[in-house]
file query_6.pdb (PDB, C-alpha atoms (C1' of nucleotides))
ATOM      1  CA  MET A  10      10.860 -10.049 -12.912
ATOM      2  CA  MET A  11       8.478  -7.284 -11.954
ATOM      3  CA  TYR A  12       5.554  -7.573  -9.568
ATOM      4  CA  THR A  13       7.176 -10.605  -8.069
ATOM      5  CA  LEU A  14       5.538 -10.060  -4.735
ATOM      6  CA  LEU A  15       2.086 -10.429  -6.176
ATOM      7  CA  MET A  16       3.082 -13.219  -8.502
ATOM      8  CA  ALA A  17       4.604 -15.178  -5.687
ATOM      9  CA  LYS A  18       1.386 -15.624  -3.782
ATOM     10  CA  ALA A  19      -1.147 -15.458  -6.593
ATOM     11  CA  HIS A  20      -1.697 -19.202  -6.682
ATOM     12  CA  THR A  21      -2.428 -19.517  -2.986
ATOM     13  CA  GLY A  22      -5.358 -17.149  -3.171
ATOM     14  CA  VAL A  23      -5.410 -13.503  -2.282
ATOM     15  CA  SER A  24      -4.444 -12.586   1.232
ATOM     16  CA  LEU A  25      -5.855  -9.299   2.405
ATOM     17  CA  ASP A  26      -2.829  -7.095   1.992
ATOM     18  CA  LEU A  27      -2.284  -8.437  -1.521
ATOM     19  CA  LEU A  28      -5.837  -7.544  -2.434
ATOM     20  CA  PHE A  29      -5.242  -4.061  -1.104
ATOM     21  CA  ARG A  30      -2.041  -3.811  -3.112
ATOM     22  CA  ALA A  31      -3.988  -4.620  -6.231
ATOM     23  CA  LEU A  32      -6.577  -1.966  -5.388
ATOM     24  CA  ALA A  33      -3.993   0.673  -4.515
ATOM     25  CA  ASP A  34      -3.784   2.280  -7.932
ATOM     26  CA  PRO A  35      -6.221   4.633  -9.671
ATOM     27  CA  THR A  36      -5.781   3.050 -13.095
ATOM     28  CA  ARG A  37      -6.567  -0.383 -11.742
ATOM     29  CA  LEU A  38      -9.599   0.939  -9.910
ATOM     30  CA  ARG A  39     -10.901   2.412 -13.157
ATOM     31  CA  LEU A  40     -10.324  -0.869 -14.946
ATOM     32  CA  LEU A  41     -12.078  -2.814 -12.216
ATOM     33  CA  ASN A  42     -15.017  -0.461 -12.300
ATOM     34  CA  LEU A  43     -15.433  -1.090 -16.015
ATOM     35  CA  ILE A  44     -14.956  -4.824 -15.648
ATOM     36  CA  ALA A  45     -17.227  -5.072 -12.649
ATOM     37  CA  ASP A  46     -20.393  -6.160 -14.389
ATOM     38  CA  ARG A  47     -19.516  -6.925 -17.953
ATOM     39  CA  GLU A  48     -17.046  -8.942 -19.947
ATOM     40  CA  ILE A  49     -15.170  -6.416 -21.981
ATOM     41  CA  CYS A  50     -12.235  -6.457 -24.333
ATOM     42  CA  VAL A  51      -9.003  -4.536 -24.024
ATOM     43  CA  CYS A  52      -9.517  -2.115 -26.899
ATOM     44  CA  TYR A  53     -12.366  -0.479 -24.973
ATOM     45  CA  PHE A  54     -10.086   0.231 -22.036
ATOM     46  CA  VAL A  55      -7.603   1.909 -24.335
ATOM     47  CA  GLU A  56     -10.329   4.039 -25.852
ATOM     48  CA  ILE A  57     -12.018   4.951 -22.573
ATOM     49  CA  LEU A  58      -9.031   5.538 -20.303
ATOM     50  CA  LYS A  59      -7.119   7.254 -23.099
ATOM     51  CA  THR A  60      -3.836   5.831 -21.951
ATOM     52  CA  SER A  61      -1.266   3.691 -23.685
ATOM     53  CA  GLN A  62      -2.122   0.098 -24.504
ATOM     54  CA  PRO A  63       0.965  -1.375 -22.790
ATOM     55  CA  LYS A  64       0.119   0.472 -19.610
ATOM     56  CA  ILE A  65      -3.369  -0.953 -19.572
ATOM     57  CA  SER A  66      -2.135  -4.382 -20.466
ATOM     58  CA  ARG A  67       0.303  -4.322 -17.589
ATOM     59  CA  HIS A  68      -2.296  -3.306 -15.057
ATOM     60  CA  LEU A  69      -4.569  -6.027 -16.367
ATOM     61  CA  ALA A  70      -1.740  -8.516 -15.950
ATOM     62  CA  TYR A  71      -1.319  -7.270 -12.414
ATOM     63  CA  LEU A  72      -4.987  -7.835 -11.675
ATOM     64  CA  ARG A  73      -4.895 -11.229 -13.357
ATOM     65  CA  LYS A  74      -1.939 -12.364 -11.286
ATOM     66  CA  ALA A  75      -3.675 -11.077  -8.199
ATOM     67  CA  GLY A  76      -6.582 -13.378  -9.061
ATOM     68  CA  ILE A  77      -9.099 -10.556  -9.334
ATOM     69  CA  VAL A  78      -9.828 -10.744 -13.048
ATOM     70  CA  ALA A  79      -9.774 -13.520 -15.604
ATOM     71  CA  ALA A  80      -9.183 -13.365 -19.345
ATOM     72  CA  ARG A  81     -10.574 -15.233 -22.322
ATOM     73  CA  ARG A  82      -9.277 -15.046 -25.849
ATOM     74  CA  GLU A  83     -11.648 -14.782 -28.794
ATOM     75  CA  GLY A  84      -9.746 -14.457 -32.026
ATOM     76  CA  LYS A  85      -7.695 -11.319 -31.877
ATOM     77  CA  TRP A  86      -9.540 -10.044 -28.858
ATOM     78  CA  MET A  87      -8.975 -10.642 -25.196
ATOM     79  CA  HIS A  88     -12.042 -10.424 -22.991
ATOM     80  CA  TYR A  89     -11.652  -9.604 -19.346
ATOM     81  CA  ARG A  90     -14.112 -10.339 -16.614
ATOM     82  CA  LEU A  91     -14.190 -10.215 -12.855
ATOM     83  CA  ALA A  92     -12.877 -13.219 -10.932
ATOM     84  CA  VAL A  93     -14.171 -13.276  -7.410
ATOM     85  CA  PRO A  94     -11.364 -14.388  -5.077
ATOM     86  CA  ARG A  95     -11.810 -17.689  -3.263
ATOM     87  CA  ASP A  96     -10.985 -16.042   0.036
ATOM     88  CA  GLU A  97     -14.363 -15.029   1.401
ATOM     89  CA  VAL A  98     -13.089 -11.934   3.156
ATOM     90  CA  ALA A  99     -11.239 -10.713   0.087
ATOM     91  CA  ALA A 100     -14.283 -11.391  -2.060
ATOM     92  CA  LYS A 101     -16.516  -9.344   0.184
ATOM     93  CA  ILE A 102     -14.161  -6.399   0.347
ATOM     94  CA  LEU A 103     -13.782  -6.490  -3.407
ATOM     95  CA  ARG A 104     -17.535  -6.504  -3.937
ATOM     96  CA  GLU A 105     -17.993  -3.629  -1.535
ATOM     97  CA  THR A 106     -15.216  -1.650  -3.115
ATOM     98  CA  LEU A 107     -16.735  -2.079  -6.549
ATOM     99  CA  GLY A 108     -20.069  -0.975  -5.148
ATOM    100  CA  HIS A 109     -18.494   2.143  -3.721
ATOM    101  CA  LEU A 110     -16.671   2.915  -6.943
ATOM    102  CA  ARG A 111     -19.982   2.955  -8.746
ATOM    103  CA  GLY A 112     -20.897   6.068  -6.807
ATOM    104  CA  LYS A 113     -17.786   8.037  -7.744
ATOM    105  CA  PRO A 114     -18.277  10.676 -10.463
ATOM    106  CA  GLU A 115     -15.037   9.784 -12.213
ATOM    107  CA  MET A 116     -16.134   6.185 -12.458
ATOM    108  CA  GLN A 117     -19.569   7.106 -13.695
ATOM    109  CA  ARG A 118     -17.904   9.154 -16.396
ATOM    110  CA  ASP A 119     -16.004   6.082 -17.526
ATOM    111  CA  ILE A 120     -19.200   4.075 -17.726
ATOM    112  CA  ALA A 121     -20.839   6.882 -19.684
ATOM    113  CA  ARG A 122     -17.933   6.919 -22.100
ATOM    114  CA  LEU A 123     -18.307   3.185 -22.467
ATOM    115  CA  SER A 124     -21.944   3.573 -23.417
ATOM    116  CA  SER A 125     -21.283   6.220 -26.016
ATOM    117  CA  VAL A 126     -18.388   4.228 -27.431
ATOM    118  CA  CYS A 127     -20.527   1.126 -27.681
ATOM    119  CA  CYS A 128     -23.346   2.959 -29.453
ATOM    120  CA  ALA A 129     -21.078   4.214 -32.191
ATOM    121  CA  PRO A 130     -18.038   1.968 -32.381
ATOM    122  CA  GLN A 131     -17.483   2.944 -36.011
ATOM    123  CA  LYS A 132     -16.440   6.388 -34.827
ATOM    124  CA  PHE A 133     -13.397   4.974 -33.058
ATOM    125  CA  VAL A 134     -10.614   3.597 -35.152
ATOM    126  CA  LEU A 135      -9.533   1.296 -32.372
ATOM    127  CA  LEU A 136     -12.922  -0.332 -32.168
ATOM    128  CA  GLN A 137     -13.656  -1.253 -35.784
ATOM    129  CA  GLY A 138     -15.327  -4.646 -35.547
ATOM    130  CA  ALA A 139     -14.515  -5.069 -31.889
ATOM    131  CA  PRO A 140     -16.954  -7.313 -30.050
ATOM    132  CA  GLN A 141     -19.448  -5.535 -27.811
ATOM    133  CA  PRO A 142     -19.053  -5.872 -24.060
ATOM    134  CA  ALA A 143     -21.509  -8.334 -22.567
ATOM    135  CA  LEU A 144     -23.218  -7.766 -19.263
ATOM    136  CA  VAL A 145     -22.504 -10.444 -16.714
ATOM    137  CA  PRO A 146     -24.908 -11.602 -14.000
ATOM    138  CA  THR A 147     -24.051  -9.619 -10.884
ATOM    139  CA  SER A 148     -22.154 -11.911  -8.557
TER     140      SER A 148
ATOM    141  CA  MET B  28      11.510  12.773   1.579
ATOM    142  CA  MET B  29       9.832   9.466   2.245
ATOM    143  CA  TYR B  30       6.137   8.803   1.950
ATOM    144  CA  THR B  31       5.751  12.032   0.009
ATOM    145  CA  LEU B  32       2.802  10.788  -1.974
ATOM    146  CA  LEU B  33       0.832  10.056   1.133
ATOM    147  CA  MET B  34       1.909  13.252   2.833
ATOM    148  CA  ALA B  35       0.892  15.334  -0.138
ATOM    149  CA  LYS B  36      -2.747  14.330  -0.016
ATOM    150  CA  ALA B  37      -3.169  13.573   3.657
ATOM    151  CA  HIS B  38      -4.794  16.909   4.409
ATOM    152  CA  THR B  39      -7.396  16.648   1.654
ATOM    153  CA  GLY B  40      -8.848  13.453   3.059
ATOM    154  CA  VAL B  41      -8.104   9.927   1.967
ATOM    155  CA  SER B  42      -8.878   9.043  -1.609
ATOM    156  CA  LEU B  43      -9.624   5.390  -2.137
ATOM    157  CA  ASP B  44      -6.357   4.244  -3.604
ATOM    158  CA  LEU B  45      -4.441   5.973  -0.813
ATOM    159  CA  LEU B  46      -6.495   4.132   1.765
ATOM    160  CA  PHE B  47      -5.695   0.896  -0.005
ATOM    161  CA  ARG B  48      -2.026   1.811  -0.041
ATOM    162  CA  ALA B  49      -2.141   2.235   3.706
ATOM    163  CA  LEU B  50      -3.832  -1.140   4.108
ATOM    164  CA  ALA B  51      -1.473  -2.933   1.733
ATOM    165  CA  ASP B  52       1.001  -4.114   4.315
ATOM    166  CA  PRO B  53       0.742  -6.956   6.837
ATOM    167  CA  THR B  54       2.453  -5.043   9.630
ATOM    168  CA  ARG B  55       0.082  -2.112   9.252
ATOM    169  CA  LEU B  56      -2.905  -4.447   9.232
ATOM    170  CA  ARG B  57      -1.725  -5.977  12.497
ATOM    171  CA  LEU B  58      -1.276  -2.528  14.006
ATOM    172  CA  LEU B  59      -4.707  -1.441  12.847
ATOM    173  CA  ASN B  60      -6.284  -4.542  14.266
ATOM    174  CA  LEU B  61      -4.786  -3.764  17.663
ATOM    175  CA  ILE B  62      -5.717  -0.106  17.456
ATOM    176  CA  ALA B  63      -9.206  -0.791  16.193
ATOM    177  CA  ASP B  64     -11.079  -0.560  19.453
ATOM    178  CA  ARG B  65      -8.690   0.697  22.040
ATOM    179  CA  GLU B  66      -6.255   3.518  22.591
ATOM    180  CA  ILE B  67      -2.919   1.857  23.032
ATOM    181  CA  CYS B  68       0.656   2.970  23.429
ATOM    182  CA  VAL B  69       3.595   2.084  21.237
ATOM    183  CA  CYS B  70       5.470  -0.133  23.641
ATOM    184  CA  TYR B  71       2.688  -2.711  23.422
ATOM    185  CA  PHE B  72       3.098  -2.931  19.673
ATOM    186  CA  VAL B  73       6.799  -3.597  20.081
ATOM    187  CA  GLU B  74       6.105  -6.319  22.608
ATOM    188  CA  ILE B  75       3.262  -7.961  20.690
ATOM    189  CA  LEU B  76       4.553  -7.804  17.131
ATOM    190  CA  LYS B  77       8.092  -8.621  18.272
ATOM    191  CA  THR B  78       9.619  -6.372  15.669
ATOM    192  CA  SER B  79      11.962  -3.437  15.929
ATOM    193  CA  GLN B  80      10.686  -0.210  17.434
ATOM    194  CA  PRO B  81      11.743   1.976  14.477
ATOM    195  CA  LYS B  82       9.864  -0.280  12.088
ATOM    196  CA  ILE B  83       6.697   0.032  14.109
ATOM    197  CA  SER B  84       7.142   3.751  14.521
ATOM    198  CA  ARG B  85       7.500   4.160  10.798
ATOM    199  CA  HIS B  86       4.367   2.220   9.995
ATOM    200  CA  LEU B  87       2.496   4.240  12.590
ATOM    201  CA  ALA B  88       3.750   7.417  10.958
ATOM    202  CA  TYR B  89       2.513   6.080   7.640
ATOM    203  CA  LEU B  90      -0.940   5.438   9.066
ATOM    204  CA  ARG B  91      -0.931   8.845  10.745
ATOM    205  CA  LYS B  92      -0.085  10.632   7.531
ATOM    206  CA  ALA B  93      -2.754   8.633   5.758
ATOM    207  CA  GLY B  94      -5.230  10.015   8.283
ATOM    208  CA  ILE B  95      -6.220   6.591   9.587
ATOM    209  CA  VAL B  96      -4.838   6.854  13.104
ATOM    210  CA  ALA B  97      -4.231   9.720  15.503
ATOM    211  CA  ALA B  98      -1.702  10.041  18.290
ATOM    212  CA  ARG B  99      -1.761  11.642  21.712
ATOM    213  CA  ARG B 100       1.218  12.147  23.971
ATOM    214  CA  GLU B 101       1.004  11.402  27.665
ATOM    215  CA  GLY B 102       4.340  11.906  29.322
ATOM    216  CA  LYS B 103       6.836   9.577  27.744
ATOM    217  CA  TRP B 104       4.145   7.545  26.098
ATOM    218  CA  MET B 105       2.417   7.997  22.791
ATOM    219  CA  HIS B 106      -1.107   6.681  22.596
ATOM    220  CA  TYR B 107      -2.529   5.733  19.241
ATOM    221  CA  ARG B 108      -6.162   5.489  18.340
ATOM    222  CA  LEU B 109      -8.228   5.042  15.229
ATOM    223  CA  ALA B 110      -9.118   8.132  13.211
ATOM    224  CA  VAL B 111     -12.072   7.500  10.959
ATOM    225  CA  PRO B 112     -11.437   9.220   7.612
ATOM    226  CA  ARG B 113     -13.749  12.067   6.633
ATOM    227  CA  ASP B 114     -14.416  10.473   3.259
ATOM    228  CA  GLU B 115     -17.518   8.392   3.821
ATOM    229  CA  VAL B 116     -16.530   5.666   1.372
ATOM    230  CA  ALA B 117     -13.064   5.324   2.839
ATOM    231  CA  ALA B 118     -14.509   5.240   6.337
ATOM    232  CA  LYS B 119     -16.869   2.436   5.456
ATOM    233  CA  ILE B 120     -14.221   0.341   3.774
ATOM    234  CA  LEU B 121     -11.913   0.847   6.727
ATOM    235  CA  ARG B 122     -14.601  -0.215   9.190
ATOM    236  CA  GLU B 123     -15.409  -3.289   7.160
ATOM    237  CA  THR B 124     -11.775  -4.207   6.802
ATOM    238  CA  LEU B 125     -11.255  -3.965  10.534
ATOM    239  CA  GLY B 126     -14.287  -6.115  11.054
ATOM    240  CA  HIS B 127     -12.908  -8.737   8.715
ATOM    241  CA  LEU B 128      -9.499  -8.667  10.335
ATOM    242  CA  ARG B 129     -11.110  -9.546  13.623
ATOM    243  CA  GLY B 130     -11.948 -12.953  12.193
ATOM    244  CA  LYS B 131      -8.426 -13.817  11.106
ATOM    245  CA  PRO B 132      -6.548 -16.241  13.375
ATOM    246  CA  GLU B 133      -3.313 -14.278  13.196
ATOM    247  CA  MET B 134      -5.120 -11.167  14.336
ATOM    248  CA  GLN B 135      -6.877 -12.988  17.136
ATOM    249  CA  ARG B 136      -3.501 -14.225  18.289
ATOM    250  CA  ASP B 137      -2.290 -10.641  18.516
ATOM    251  CA  ILE B 138      -5.290  -9.681  20.603
ATOM    252  CA  ALA B 139      -4.681 -12.672  22.836
ATOM    253  CA  ARG B 140      -1.082 -11.658  23.286
ATOM    254  CA  LEU B 141      -2.267  -8.173  24.174
ATOM    255  CA  SER B 142      -4.494  -9.559  26.875
ATOM    256  CA  SER B 143      -1.795 -11.684  28.435
ATOM    257  CA  VAL B 144       0.670  -8.837  28.251
ATOM    258  CA  CYS B 145      -1.779  -6.498  29.931
ATOM    259  CA  CYS B 146      -2.482  -8.934  32.746
ATOM    260  CA  ALA B 147       1.153  -9.212  33.690
ATOM    261  CA  PRO B 148       2.992  -6.174  32.414
ATOM    262  CA  GLN B 149       5.690  -6.595  35.055
ATOM    263  CA  LYS B 150       6.894  -9.647  33.146
ATOM    264  CA  PHE B 151       7.905  -7.523  30.174
ATOM    265  CA  VAL B 152      10.831  -5.179  30.558
ATOM    266  CA  LEU B 153       9.482  -2.895  27.886
ATOM    267  CA  LEU B 154       6.217  -2.410  29.701
ATOM    268  CA  GLN B 155       7.352  -1.424  33.207
ATOM    269  CA  GLY B 156       4.888   1.236  34.260
ATOM    270  CA  ALA B 157       3.374   1.585  30.804
ATOM    271  CA  PRO B 158      -0.199   2.819  30.829
ATOM    272  CA  GLN B 159      -2.847   0.198  30.122
ATOM    273  CA  PRO B 160      -4.679   0.336  26.830
ATOM    274  CA  ALA B 161      -8.155   1.827  27.151
ATOM    275  CA  LEU B 162     -11.125   0.513  25.274
ATOM    276  CA  VAL B 163     -12.743   3.075  23.024
ATOM    277  CA  PRO B 164     -16.454   3.238  22.181
ATOM    278  CA  THR B 165     -16.891   1.280  18.970
ATOM    279  CA  SER B 166     -17.310   3.754  16.134
TER     280      SER B 166
ATOM    281  C1'  DA C  22       1.200  -8.255 -43.807
ATOM    282  C1'  DC C  23      -1.932  -6.422 -40.274
ATOM    283  C1'  DA C  24      -4.481  -6.069 -36.017
ATOM    284  C1'  DT C  25      -4.765  -6.966 -31.062
ATOM    285  C1'  DC C  26      -2.595  -7.693 -27.114
ATOM    286  C1'  DA C  27       1.461  -9.024 -24.070
ATOM    287  C1'  DT C  28       6.023  -8.644 -22.429
ATOM    288  C1'  DA C  29      10.920  -6.684 -21.968
ATOM    289  C1'  DT C  30      13.699  -2.901 -20.824
ATOM    290  C1'  DC C  31      15.000   1.509 -19.032
ATOM    291  C1'  DC C  32      14.403   4.977 -15.656
ATOM    292  C1'  DG C  33      12.876   7.648 -11.886
ATOM    293  C1'  DT C  34      10.322   7.215  -7.608
ATOM    294  C1'  DC C  35       8.395   4.862  -3.636
ATOM    295  C1'  DT C  36       8.617   1.362  -0.145
ATOM    296  C1'  DT C  37      10.657  -1.344   3.407
ATOM    297  C1'  DG C  38      13.819  -3.022   6.669
ATOM    298  C1'  DA C  39      18.070  -2.448   9.415
ATOM    299  C1'  DC C  40      20.822   0.426  11.824
ATOM    300  C1'  DA C  41      22.208   4.619  13.831
ATOM    301  C1'  DT C  42      20.935   8.819  15.772
ATOM    302  C1'  DA C  43      17.840  12.520  17.251
ATOM    303  C1'  DT C  44      14.017  14.304  20.031
ATOM    304  C1'  DA C  45      10.993  14.598  24.001
ATOM    305  C1'  DT C  46       9.942  13.666  28.577
ATOM    306  C1'  DG C  47      10.899  12.061  33.303
ATOM    307  C1'  DT C  48      14.220  11.543  37.278
ATOM    308  C1'  DG C  49      17.840  12.108  40.493
ATOM    309  C1'  DG C  50      21.949  14.744  42.177
ATOM    310  C1'  DG C  51      24.335  18.941  42.845
TER     311       DG C  51
ATOM    312  C1'  DC D  13      17.376  25.318  38.709
ATOM    313  C1'  DC D  14      20.708  22.864  35.828
ATOM    314  C1'  DC D  15      22.843  18.832  34.637
ATOM    315  C1'  DA D  16      23.541  14.310  33.439
ATOM    316  C1'  DC D  17      21.161  10.179  32.367
ATOM    317  C1'  DA D  18      17.477   6.869  31.414
ATOM    318  C1'  DT D  19      13.229   5.894  28.863
ATOM    319  C1'  DA D  20       9.946   6.176  25.007
ATOM    320  C1'  DT D  21       9.404   7.336  20.539
ATOM    321  C1'  DA D  22      10.660   9.505  16.102
ATOM    322  C1'  DT D  23      13.565  10.335  12.230
ATOM    323  C1'  DG D  24      17.826  10.046   9.019
ATOM    324  C1'  DT D  25      20.423   7.130   6.066
ATOM    325  C1'  DC D  26      21.484   3.406   3.280
ATOM    326  C1'  DA D  27      20.600  -0.648   0.409
ATOM    327  C1'  DA D  28      17.441  -3.719  -1.859
ATOM    328  C1'  DG D  29      13.575  -4.303  -4.035
ATOM    329  C1'  DA D  30       8.859  -3.020  -5.963
ATOM    330  C1'  DC D  31       6.170   0.111  -8.668
ATOM    331  C1'  DG D  32       4.578   2.972 -12.675
ATOM    332  C1'  DG D  33       5.095   5.149 -17.037
ATOM    333  C1'  DA D  34       7.176   5.258 -21.608
ATOM    334  C1'  DT D  35       9.021   2.981 -25.420
ATOM    335  C1'  DA D  36      10.366  -0.874 -28.116
ATOM    336  C1'  DT D  37       9.711  -5.513 -29.329
ATOM    337  C1'  DG D  38       7.444 -10.116 -29.275
ATOM    338  C1'  DA D  39       3.428 -13.267 -29.651
ATOM    339  C1'  DT D  40      -0.873 -14.663 -31.504
ATOM    340  C1'  DG D  41      -4.646 -14.734 -34.549
ATOM    341  C1'  DT D  42      -6.882 -13.117 -39.301
TER     342       DT D  42
END
call {"tool": "encode", "arguments": {"input": "query_6.pdb", "output": "structure tokens"}}
result
Amino acid sequence: MMYTLLMAKAHTGVSLDLLFRALADPTRLRLLNLIADREICVCYFVEILKTSQPKISRHLAYLRKAGIVAARREGKWMHYRLAVPRDEVAAKILRETLGHLRGKPEMQRDIARLSSVCCAPQKFVLLQGAPQPALVPTS
Amino acid sequence: MMYTLLMAKAHTGVSLDLLFRALADPTRLRLLNLIADREICVCYFVEILKTSQPKISRHLAYLRKAGIVAARREGKWMHYRLAVPRDEVAAKILRETLGHLRGKPEMQRDIARLSSVCCAPQKFVLLQGAPQPALVPTS
DNA sequence: ACATCATATCCGTCTTGACATATATGTGGG
DNA sequence: CCCACATATATGTCAAGACGGATATGATGT
């Protein structure tokens, strides 16, 4: 019942204002920054953003329905990766936005946290045995 | 009471998700496309978008408070023009978005309507004696 | 049974449109 | 000059819906 606006048009491809809607939230921007060039599973988001799992899951659902990310299940784990929108304009704006995010200190901090978490996953209860994120060829 | 989130941060410059919020609406995108490279007064928006004047005025207020457009009064008329955000990242994304809009058929139709309306303003009751839009040096 | 993740529900806030009304400026008459 | 009155634009109010966070519960795989 929620997010019906986005859901309604998700299948037709992302029109510009829908893309902007998807980008108009700090949590989603942080998620996108982490997803940008690696396939990564949900437990890392929970550990890095330090927010509740349902909250993250909802924002990921939002991005999925907006056609910006795609998910793949591997056993217990769900891997998320970027899904470049078919719409050329939307795709370009998304790429540029991700590029800009990379320069933001807050975003760099998230990436740094990801690195440290990956180097010592055994230190984080949530990440026991979690699959490592895999870099993805830059689109 | 309305738009408090935007109002709260408007003076500090536009953070990325606030810019996206401002862009996440079709009406505002149409307005921005018309404003992009000319200073233009409100009555043209009403005539071109064919929507209610309060609706347009509200969206313009939204864009104003988001720091994306600026207004200037000249007698009865209010002229709106683009206001490039101080934040370099936001400014770049805005410029690129406007560039992309230019390619969209719907937006080109609006520009076409603007031209025809400007050539024969006497045909439109709303535009009797309204000042002509003035092109602005491309930023 | 447990771990990982997704969805439902509740609640407060924001957004949006429609409609009514207020404000600001210009104009003409006394 | 002051007063109506028209014009251009802005704002208040209301209702409907969307959003975002928190919490509880469901689904899926080991």
call {"tool": "residues_around", "arguments": {"input": "query_6.pdb", "residues": "C:DC32", "least_positions_apart": "6", "cutoff": "12 Å", "atoms": "only C-alpha atoms (C1' of nucleotides)", "output": "list of chain:residue names"}}
result
D:DC31, D:DG32, D:DG33, D:DA34, D:DT35
call {"tool": "resolve_selection", "arguments": {"input": "query_6.pdb", "expression": "the PyMOL selection byres ((chain B) within 8 of (chain D))", "output": "ChimeraX atom specification"}}
result
/B:69-70,81,84,103-105
call {"tool": "atom_distance", "arguments": {"input": "query_6.pdb", "atom1": "atom CA of B:Gly102", "atom2": "atom C1' of C:DT46"}}
result
5.9 Å
call {"tool": "resolve_selection", "arguments": {"input": "query_6.pdb", "expression": "the PyMOL selection byres ((chain C) within 9 of (chain B))", "output": "MDAnalysis selection string"}}
result
chainID C and resid 35:39 45:47
call {"tool": "residues_around", "arguments": {"input": "query_6.pdb", "residues": "stretch 88-101 of chain A", "least_positions_apart": "2", "cutoff": "6 Å", "atoms": "all atoms listed in the file", "output": "PyMOL selection string"}}
result
chain A and resi 44-45+48-50+77-81+103-104
call {"tool": "closest_atom_pairs", "arguments": {"input": "query_6.pdb", "of": "chain A", "to": "chain B", "cutoff": "12 Å", "atoms": "all atoms listed in the file", "output": "CSV"}}
result
residue,atom,partner,partner_atom,distance
A:Leu14,CA,B:Asp52,CA,11.7
A:Leu15,CA,B:Ala51,CA,11.5
A:Val23,CA,B:Ala51,CA,12.0
A:Ser24,CA,B:Pro53,CA,9.5
A:Leu25,CA,B:Ala51,CA,7.8
A:Asp26,CA,B:Ala51,CA,4.4
A:Leu27,CA,B:Ala51,CA,6.4
A:Leu28,CA,B:Ala51,CA,7.6
A:Phe29,CA,B:Ala51,CA,4.9
A:Arg30,CA,B:Ala51,CA,5.0
A:Ala31,CA,B:Phe47,CA,8.5
A:Leu32,CA,B:Phe47,CA,6.2
A:Ala33,CA,B:Asp44,CA,4.4
A:Asp34,CA,B:Asp44,CA,5.4
A:Pro35,CA,B:Asp44,CA,6.1
A:Thr36,CA,B:Asp44,CA,9.6
A:Arg37,CA,B:Asp44,CA,9.4
A:Leu38,CA,B:Asp44,CA,7.8
A:Arg39,CA,B:Asp44,CA,10.7
A:Asp96,CA,B:His127,CA,11.5
A:Glu97,CA,B:His127,CA,9.8
A:Val98,CA,B:His127,CA,6.4
A:Ala99,CA,B:His127,CA,9.0
A:Ala100,CA,B:His127,CA,11.2
A:Lys101,CA,B:His127,CA,9.3
A:Ile102,CA,B:Thr124,CA,7.2
A:Leu103,CA,B:Ile120,CA,9.9
A:Arg104,CA,B:Ile120,CA,10.8
A:Glu105,CA,B:Ile120,CA,7.6
A:Thr106,CA,B:Ile120,CA,7.2
A:Leu107,CA,B:Ile120,CA,10.9
A:Gly108,CA,B:Val116,CA,10.0
A:His109,CA,B:Val116,CA,6.5
A:Leu110,CA,B:Val116,CA,8.8
A:Arg111,CA,B:Val116,CA,11.0
A:Gly112,CA,B:Val116,CA,9.3
A:Lys113,CA,B:Val116,CA,9.5
